$ cat protein19.cif   # mmCIF, C-alpha atoms
data_start
#
loop_
_atom_site.label_atom_id
_atom_site.label_comp_id
_atom_site.auth_asym_id
_atom_site.auth_seq_id
_atom_site.Cartn_x
_atom_site.Cartn_y
_atom_site.Cartn_z
CA MET A 1 -0.72 -151.05 34.84
CA SER A 2 -1.11 -147.49 33.71
CA GLU A 3 0.58 -146.08 30.63
CA GLN A 4 2.53 -143.44 32.54
CA LEU A 5 3.93 -145.90 35.06
CA VAL A 6 5.20 -148.13 32.23
CA ALA A 7 6.90 -145.12 30.63
CA VAL A 8 8.61 -144.18 33.88
CA LEU A 9 9.78 -147.78 34.44
CA ASP A 10 11.13 -147.91 30.87
CA TRP A 11 13.12 -144.73 31.40
CA ILE A 12 14.63 -146.06 34.63
CA ALA A 13 15.51 -149.36 32.90
CA ILE A 14 17.12 -147.70 29.90
CA LEU A 15 19.20 -145.42 32.14
CA CYS A 16 20.48 -148.50 33.99
CA LEU A 17 21.35 -150.20 30.69
CA LEU A 18 23.01 -147.04 29.39
CA PHE A 19 25.21 -146.76 32.47
CA GLY A 20 26.17 -150.44 32.20
CA ALA A 21 27.14 -150.04 28.55
CA ALA A 22 29.12 -146.89 29.41
CA LEU A 23 31.05 -148.87 32.02
CA CYS A 24 31.85 -151.50 29.38
CA LEU A 25 33.15 -148.78 27.08
CA LEU A 26 35.25 -147.31 29.89
CA ALA A 27 36.72 -150.75 30.59
CA GLY A 28 37.66 -151.09 26.93
CA ILE A 29 39.39 -147.69 26.94
CA GLY A 30 41.14 -148.55 30.18
CA LEU A 31 42.35 -151.89 28.82
CA ILE A 32 43.96 -150.04 25.92
CA ARG A 33 45.45 -147.15 27.87
CA PHE A 34 46.58 -148.56 31.22
CA PRO A 35 50.22 -149.64 31.51
CA ASP A 36 50.30 -152.97 33.36
CA LEU A 37 48.24 -155.97 34.36
CA LEU A 38 47.10 -154.79 37.80
CA ALA A 39 45.82 -151.46 36.43
CA ARG A 40 44.01 -153.31 33.65
CA MET A 41 42.42 -155.63 36.19
CA HIS A 42 41.32 -152.57 38.16
CA THR A 43 39.46 -151.13 35.19
CA ALA A 44 38.20 -154.54 34.08
CA ALA A 45 36.38 -155.17 37.36
CA LYS A 46 34.01 -152.21 36.96
CA PRO A 47 31.67 -153.60 34.28
CA GLN A 48 32.08 -157.10 35.70
CA VAL A 49 30.33 -156.19 38.94
CA LEU A 50 28.65 -152.76 38.90
CA GLY A 51 27.89 -152.72 35.18
CA LEU A 52 26.42 -156.20 35.08
CA LEU A 53 24.33 -155.65 38.21
CA LEU A 54 22.93 -152.43 36.70
CA VAL A 55 22.10 -154.28 33.47
CA LEU A 56 20.35 -157.04 35.41
CA VAL A 57 18.31 -154.48 37.35
CA GLY A 58 17.46 -152.80 34.04
CA ILE A 59 16.29 -156.07 32.50
CA GLY A 60 14.18 -156.80 35.56
CA ILE A 61 12.49 -153.38 35.53
CA ARG A 62 11.89 -153.63 31.79
CA MET A 63 10.28 -157.08 32.23
CA ILE A 64 7.82 -155.91 34.88
CA PRO A 65 4.87 -154.92 32.59
CA VAL A 66 4.84 -158.17 30.61
CA GLU A 67 6.31 -160.97 32.65
CA THR A 68 6.72 -161.34 36.39
CA SER A 69 7.33 -165.02 36.96
CA VAL A 70 9.60 -166.18 39.74
CA PHE A 71 11.74 -168.07 37.24
CA ASN A 72 12.96 -164.96 35.42
CA ILE A 73 13.62 -162.97 38.56
CA GLY A 74 15.42 -165.99 40.02
CA THR A 75 17.60 -166.32 36.94
CA LEU A 76 18.56 -162.65 37.10
CA PHE A 77 19.30 -162.98 40.80
CA LEU A 78 21.44 -166.08 40.22
CA VAL A 79 23.47 -164.39 37.48
CA GLY A 80 24.20 -161.47 39.80
CA LEU A 81 25.02 -163.77 42.71
CA PHE A 82 27.44 -165.96 40.71
CA GLN A 83 29.14 -162.91 39.25
CA VAL A 84 29.61 -161.23 42.63
CA VAL A 85 30.92 -164.46 44.18
CA THR A 86 33.25 -165.56 41.37
CA ILE A 87 34.81 -162.29 40.18
CA PRO A 88 36.88 -161.65 43.35
CA VAL A 89 38.14 -165.26 43.32
CA ALA A 90 39.19 -165.11 39.66
CA GLY A 91 40.78 -161.69 40.11
CA HIS A 92 42.70 -162.85 43.17
CA ILE A 93 44.05 -165.94 41.40
CA ALA A 94 45.07 -163.98 38.29
CA ALA A 95 46.80 -161.25 40.33
CA ARG A 96 48.58 -163.82 42.50
CA VAL A 97 49.89 -165.74 39.51
CA ALA A 98 51.00 -162.47 37.89
CA TYR A 99 52.86 -161.43 41.05
CA ARG A 100 54.52 -164.80 41.60
CA THR A 101 55.71 -165.10 38.03
CA GLY A 102 57.00 -161.52 37.92
CA ARG A 103 54.62 -160.21 35.27
CA ILE A 104 53.73 -156.95 37.04
CA ARG A 105 55.74 -153.76 36.83
CA SER A 106 57.09 -153.20 40.31
CA ASP A 107 58.27 -149.68 39.41
CA LEU A 108 54.62 -148.58 39.20
CA LEU A 109 53.73 -149.86 42.68
CA VAL A 110 53.47 -147.23 45.40
CA LYS A 111 53.58 -149.76 48.24
CA ASP A 112 54.31 -153.47 48.01
CA GLU A 113 53.21 -155.01 51.29
CA LEU A 114 53.46 -158.60 50.08
CA ALA A 115 57.15 -158.13 49.24
CA GLU A 116 57.81 -156.76 52.73
CA ARG A 117 56.11 -159.74 54.32
CA LEU A 118 57.88 -162.23 52.07
CA ARG A 119 61.22 -160.60 52.93
CA ALA A 120 60.37 -160.71 56.64
CA SER A 121 59.58 -164.42 56.42
CA GLY A 122 62.88 -165.07 54.69
CA ARG A 123 61.64 -165.78 51.18
CA ASN A 124 62.79 -164.10 48.04
CA PRO A 125 60.16 -161.47 47.16
CA SER A 126 58.59 -160.89 43.78
CA GLN A 127 61.52 -162.14 41.77
CA GLU A 128 61.07 -165.79 42.66
CA ASN A 129 61.01 -166.40 38.93
CA PRO A 130 62.80 -163.50 37.27
CA GLN A 131 62.26 -164.74 33.74
CA ARG A 132 58.82 -164.27 32.17
CA MET B 1 14.22 -143.46 23.26
CA THR B 2 15.31 -145.25 20.10
CA VAL B 3 18.39 -143.02 20.08
CA LEU B 4 19.35 -144.34 23.50
CA TRP B 5 19.01 -147.96 22.38
CA ILE B 6 21.24 -147.24 19.38
CA LEU B 7 23.69 -145.48 21.69
CA ILE B 8 23.83 -148.56 23.96
CA ALA B 9 24.55 -150.82 20.98
CA ALA B 10 27.22 -148.46 19.63
CA MET B 11 28.97 -148.21 23.00
CA LEU B 12 28.99 -151.99 23.37
CA GLY B 13 30.37 -152.40 19.85
CA VAL B 14 33.20 -149.93 20.40
CA ALA B 15 33.97 -151.55 23.78
CA ALA B 16 34.16 -155.01 22.19
CA LEU B 17 36.47 -153.64 19.48
CA LEU B 18 38.86 -152.09 22.03
CA GLU B 19 38.88 -155.31 24.06
CA LEU B 20 39.62 -157.31 20.91
CA ILE B 21 42.62 -155.05 20.22
CA ARG B 22 43.95 -155.77 23.72
CA LEU B 23 43.18 -159.47 23.22
CA VAL B 24 45.21 -159.58 20.00
CA HIS B 25 48.35 -157.84 21.25
CA GLY B 26 48.30 -158.12 25.01
CA PRO B 27 51.93 -158.60 26.06
CA SER B 28 51.33 -161.57 28.37
CA ILE B 29 48.75 -164.33 28.44
CA LEU B 30 47.23 -162.95 31.65
CA ASP B 31 46.47 -159.66 29.88
CA ARG B 32 44.65 -161.71 27.28
CA ALA B 33 42.72 -163.53 30.00
CA VAL B 34 41.60 -160.23 31.54
CA ALA B 35 40.63 -158.88 28.11
CA LEU B 36 38.67 -162.06 27.43
CA ASP B 37 36.81 -161.64 30.72
CA VAL B 38 35.80 -158.10 29.84
CA LEU B 39 34.81 -159.19 26.34
CA LEU B 40 32.56 -161.82 27.90
CA VAL B 41 30.99 -159.19 30.14
CA SER B 42 30.36 -157.05 27.05
CA ALA B 43 28.62 -160.02 25.47
CA LEU B 44 26.55 -160.47 28.63
CA THR B 45 25.57 -156.81 28.56
CA GLY B 46 24.68 -157.05 24.88
CA LEU B 47 22.48 -160.10 25.43
CA GLY B 48 20.89 -158.33 28.36
CA ALA B 49 20.20 -155.26 26.23
CA TYR B 50 18.61 -157.52 23.61
CA ALA B 51 16.41 -159.16 26.24
CA ALA B 52 15.40 -155.79 27.63
CA TYR B 53 14.68 -154.26 24.22
CA HIS B 54 12.37 -157.09 23.10
CA ARG B 55 11.05 -157.74 26.63
CA ASP B 56 11.99 -161.35 25.89
CA PRO B 57 12.96 -163.49 28.88
CA THR B 58 13.94 -166.61 26.92
CA ILE B 59 17.68 -165.81 26.71
CA LEU B 60 18.12 -165.18 30.42
CA PRO B 61 19.51 -168.71 31.11
CA THR B 62 22.21 -167.94 28.53
CA LEU B 63 23.38 -165.12 30.78
CA LEU B 64 23.74 -167.65 33.60
CA VAL B 65 25.87 -169.99 31.47
CA LEU B 66 28.11 -167.16 30.25
CA ALA B 67 28.62 -165.81 33.78
CA LEU B 68 29.90 -169.20 34.96
CA LEU B 69 31.97 -169.77 31.82
CA GLY B 70 33.97 -166.59 32.39
CA PHE B 71 35.01 -167.72 35.87
CA VAL B 72 36.11 -171.19 34.72
CA GLY B 73 38.03 -169.76 31.76
CA SER B 74 40.06 -167.16 33.62
CA VAL B 75 40.87 -169.47 36.55
CA SER B 76 42.04 -172.27 34.26
CA ILE B 77 44.23 -169.86 32.25
CA ALA B 78 45.80 -168.56 35.48
CA LYS B 79 46.46 -172.09 36.75
CA PHE B 80 47.95 -173.07 33.39
CA VAL B 81 50.34 -170.09 33.53
CA ALA B 82 51.36 -170.91 37.10
CA ARG B 83 52.10 -174.57 36.34
CA ARG B 84 53.99 -173.84 33.14
CA SER B 85 56.23 -171.24 34.82
CA GLU B 86 56.95 -173.71 37.67
CA GLU B 87 58.15 -176.32 35.18
CA HIS B 88 60.14 -173.62 33.43
CA THR B 89 61.97 -172.62 36.62
CA ASP B 90 62.61 -176.27 37.48
CA THR B 91 64.39 -176.92 34.20
CA GLN B 92 66.20 -173.58 34.51
CA ALA B 93 67.46 -174.41 38.02
CA GLY B 94 68.65 -177.81 36.83
CA GLY B 95 70.44 -176.21 33.91
CA THR B 96 72.32 -173.73 36.06
CA GLY B 97 73.10 -176.36 38.71
CA SER B 98 75.18 -178.50 36.41
CA ALA B 99 77.80 -176.36 34.75
CA GLU B 100 77.08 -176.73 31.03
CA GLY B 101 75.77 -180.24 30.64
CA PRO B 102 72.30 -180.81 29.21
CA PRO B 103 69.59 -181.48 31.80
CA VAL B 104 69.34 -185.14 30.74
CA GLU B 105 72.77 -186.03 32.16
CA GLU B 106 72.17 -183.95 35.26
CA GLY B 107 70.30 -186.83 36.91
CA LYS B 108 73.21 -189.27 36.51
CA ALA B 109 75.99 -186.81 37.45
CA PRO B 110 75.89 -187.20 41.29
#
$ encode --input "protein19.cif" --output "structure tokens"
Amino acid sequence: MSEQLVAVLDWIAILCLLFGAALCLLAGIGLIRFPDLLARMHTAAKPQVLGLLLVLVGIGIRMIPVETSVFNIGTLFLVGLFQVVTIPVAGHIAARVAYRTGRIRSDLLVKDELAERLRASGRNPSQENPQR
Amino acid sequence: MTVLWILIAAMLGVAALLELIRLVHGPSILDRAVALDVLLVSALTGLGAYAAYHRDPTILPTLLVLALLGFVGSVSIAKFVARRSEEHTDTQAGGTGSAEGPPVEEGKAP
């Protein structure tokens, strides 16, 4: 593999890694600055999916000149697959528990469709457990 | 190019510090769970940057383990919070049901 091609691949890989690390930094700033749990979950999901996938692509591109076994590519693929499959499930469970136990700030919500549906079905919305 | 590698490490370090601050004084336990998730992703990114810098594929299975660990951790914390608040409301409802008696006598009262 020619010298120039390796240099180009390295630049692409390092840009991917740089963007992933920048997303991690943005998530940290968002965790500090955002007011309630749902907003923090919004900013926390960015490095968990996009950032990690970019980092995995960067690792893969960086590995190309030295090591191209199926095992490494498969491991990278599996990490990305598990992350993409599990992050929505974990986020859904955490947000649901937060809503049911009244830990979110309902004054910051623009539209609360779940409360409307719960009220329509005759159940007490959002304040099922008023105490924290 | 070395400058960019140092920049990646510095950004990850600052991100981990900010997430640790949220982890230490998040108001509720779910905030701490979310902060822990993001901290784990920062660790994943850092390990990935290490692997990419040294072109060393031996720590890639560690990424797999950490990715699964984050899911199990946050789900179990959320389930723990849900169950504990259910028990809390049960005892609270029992306490308000009987006028001022302790919840132990509430079973015998009717």
$ closest_residue --input "protein19.cif" --among "A:Leu56, A:Leu23, A:Ile93, A:Ile104" --to "B:Ser42" --atoms "all atoms listed in the file"
A:Leu23
$ closest_residue --input "protein19.cif" --among "B:Ser85, B:Ser28, B:Ser74, B:Thr62" --to "B:Ala43" --atoms "only C-alpha atoms"
B:Thr62
$ interface_residues --input "protein19.cif" --of "chain A" --to "chain B" --cutoff "8 Å" --atoms "all atoms listed in the file" --output "PyMOL selection string"
chain A and resi 14+17-18+20-22+24-29+31-32+37+40-41+44+47-48+52+55-56+58-59+62-63+66+72+75-76+78-79+82-83+86-87+90+93-94+97-98+101+103+129+132
$ atom_distance --input "protein19.cif" --atom1 "atom CA of A:Leu9" --atom2 "atom CA of A:Gly51"
18.8 Å
$ closest_residue --input "protein19.cif" --among "A:Leu108, A:Ile73, A:Val89, A:Leu53" --to "A:Phe19" --atoms "all atoms listed in the file"
A:Leu53
$ decode --input "protein19.cif" --residues "stretch 32-53 of chain B" --atoms "N, CA, C and O atoms" --output "tab-separated table (two decimals), in the first residue's frame"
chain	number	residue	atom	x	y	z
B	32	ARG	N	-27.67	10.43	37.74
B	32	ARG	CA	-26.37	9.77	37.93
B	32	ARG	C	-26.22	8.61	36.97
B	32	ARG	O	-25.12	8.36	36.45
B	33	ALA	N	-27.32	7.89	36.71
B	33	ALA	CA	-27.23	6.77	35.77
B	33	ALA	C	-26.89	7.26	34.37
B	33	ALA	O	-26.06	6.68	33.67
B	34	VAL	N	-27.53	8.37	33.95
B	34	VAL	CA	-27.25	8.93	32.62
B	34	VAL	C	-25.80	9.41	32.56
B	34	VAL	O	-25.08	9.15	31.57
B	35	ALA	N	-25.33	10.07	33.63
B	35	ALA	CA	-23.95	10.55	33.64
B	35	ALA	C	-22.97	9.38	33.59
B	35	ALA	O	-21.94	9.45	32.92
B	36	LEU	N	-23.33	8.29	34.27
B	36	LEU	CA	-22.46	7.11	34.25
B	36	LEU	C	-22.40	6.49	32.85
B	36	LEU	O	-21.32	6.06	32.41
B	37	ASP	N	-23.55	6.50	32.16
B	37	ASP	CA	-23.55	6.01	30.78
B	37	ASP	C	-22.61	6.81	29.91
B	37	ASP	O	-21.84	6.24	29.12
B	38	VAL	N	-22.70	8.14	30.02
B	38	VAL	CA	-21.86	8.98	29.16
B	38	VAL	C	-20.39	8.84	29.54
B	38	VAL	O	-19.51	8.88	28.69
B	39	LEU	N	-20.14	8.65	30.85
B	39	LEU	CA	-18.75	8.43	31.28
B	39	LEU	C	-18.19	7.14	30.67
B	39	LEU	O	-17.04	7.08	30.24
B	40	LEU	N	-19.07	6.13	30.62
B	40	LEU	CA	-18.64	4.86	30.02
B	40	LEU	C	-18.36	5.02	28.54
B	40	LEU	O	-17.40	4.43	28.01
B	41	VAL	N	-19.17	5.85	27.86
B	41	VAL	CA	-18.92	6.08	26.44
B	41	VAL	C	-17.63	6.85	26.25
B	41	VAL	O	-16.89	6.61	25.29
B	42	SER	N	-17.32	7.77	27.18
B	42	SER	CA	-16.03	8.46	27.10
B	42	SER	C	-14.88	7.47	27.26
B	42	SER	O	-13.87	7.58	26.55
B	43	ALA	N	-15.04	6.51	28.16
B	43	ALA	CA	-14.01	5.50	28.34
B	43	ALA	C	-13.85	4.66	27.07
B	43	ALA	O	-12.74	4.34	26.65
B	44	LEU	N	-15.01	4.32	26.46
B	44	LEU	CA	-14.95	3.57	25.20
B	44	LEU	C	-14.21	4.35	24.13
B	44	LEU	O	-13.37	3.80	23.40
B	45	THR	N	-14.52	5.65	24.03
B	45	THR	CA	-13.85	6.48	23.03
B	45	THR	C	-12.36	6.59	23.31
B	45	THR	O	-11.54	6.57	22.40
B	46	GLY	N	-12.01	6.69	24.61
B	46	GLY	CA	-10.60	6.77	24.95
B	46	GLY	C	-9.85	5.49	24.60
B	46	GLY	O	-8.76	5.53	24.03
B	47	LEU	N	-10.47	4.35	24.92
B	47	LEU	CA	-9.83	3.08	24.56
B	47	LEU	C	-9.71	2.93	23.04
B	47	LEU	O	-8.70	2.44	22.52
B	48	GLY	N	-10.74	3.40	22.34
B	48	GLY	CA	-10.69	3.35	20.89
B	48	GLY	C	-9.60	4.24	20.34
B	48	GLY	O	-8.90	3.87	19.38
B	49	ALA	N	-9.43	5.43	20.94
B	49	ALA	CA	-8.36	6.32	20.49
B	49	ALA	C	-6.99	5.70	20.74
B	49	ALA	O	-6.07	5.82	19.92
B	50	TYR	N	-6.86	5.01	21.89
B	50	TYR	CA	-5.60	4.30	22.18
B	50	TYR	C	-5.33	3.24	21.12
B	50	TYR	O	-4.22	3.15	20.57
B	51	ALA	N	-6.37	2.44	20.81
B	51	ALA	CA	-6.20	1.37	19.83
B	51	ALA	C	-5.83	1.95	18.47
B	51	ALA	O	-4.99	1.40	17.75
B	52	ALA	N	-6.47	3.09	18.12
B	52	ALA	CA	-6.18	3.67	16.82
B	52	ALA	C	-4.79	4.28	16.79
B	52	ALA	O	-4.10	4.20	15.77
B	53	TYR	N	-4.35	4.89	17.89
B	53	TYR	CA	-3.04	5.55	17.90
B	53	TYR	C	-1.92	4.52	17.75
B	53	TYR	O	-0.98	4.73	16.98
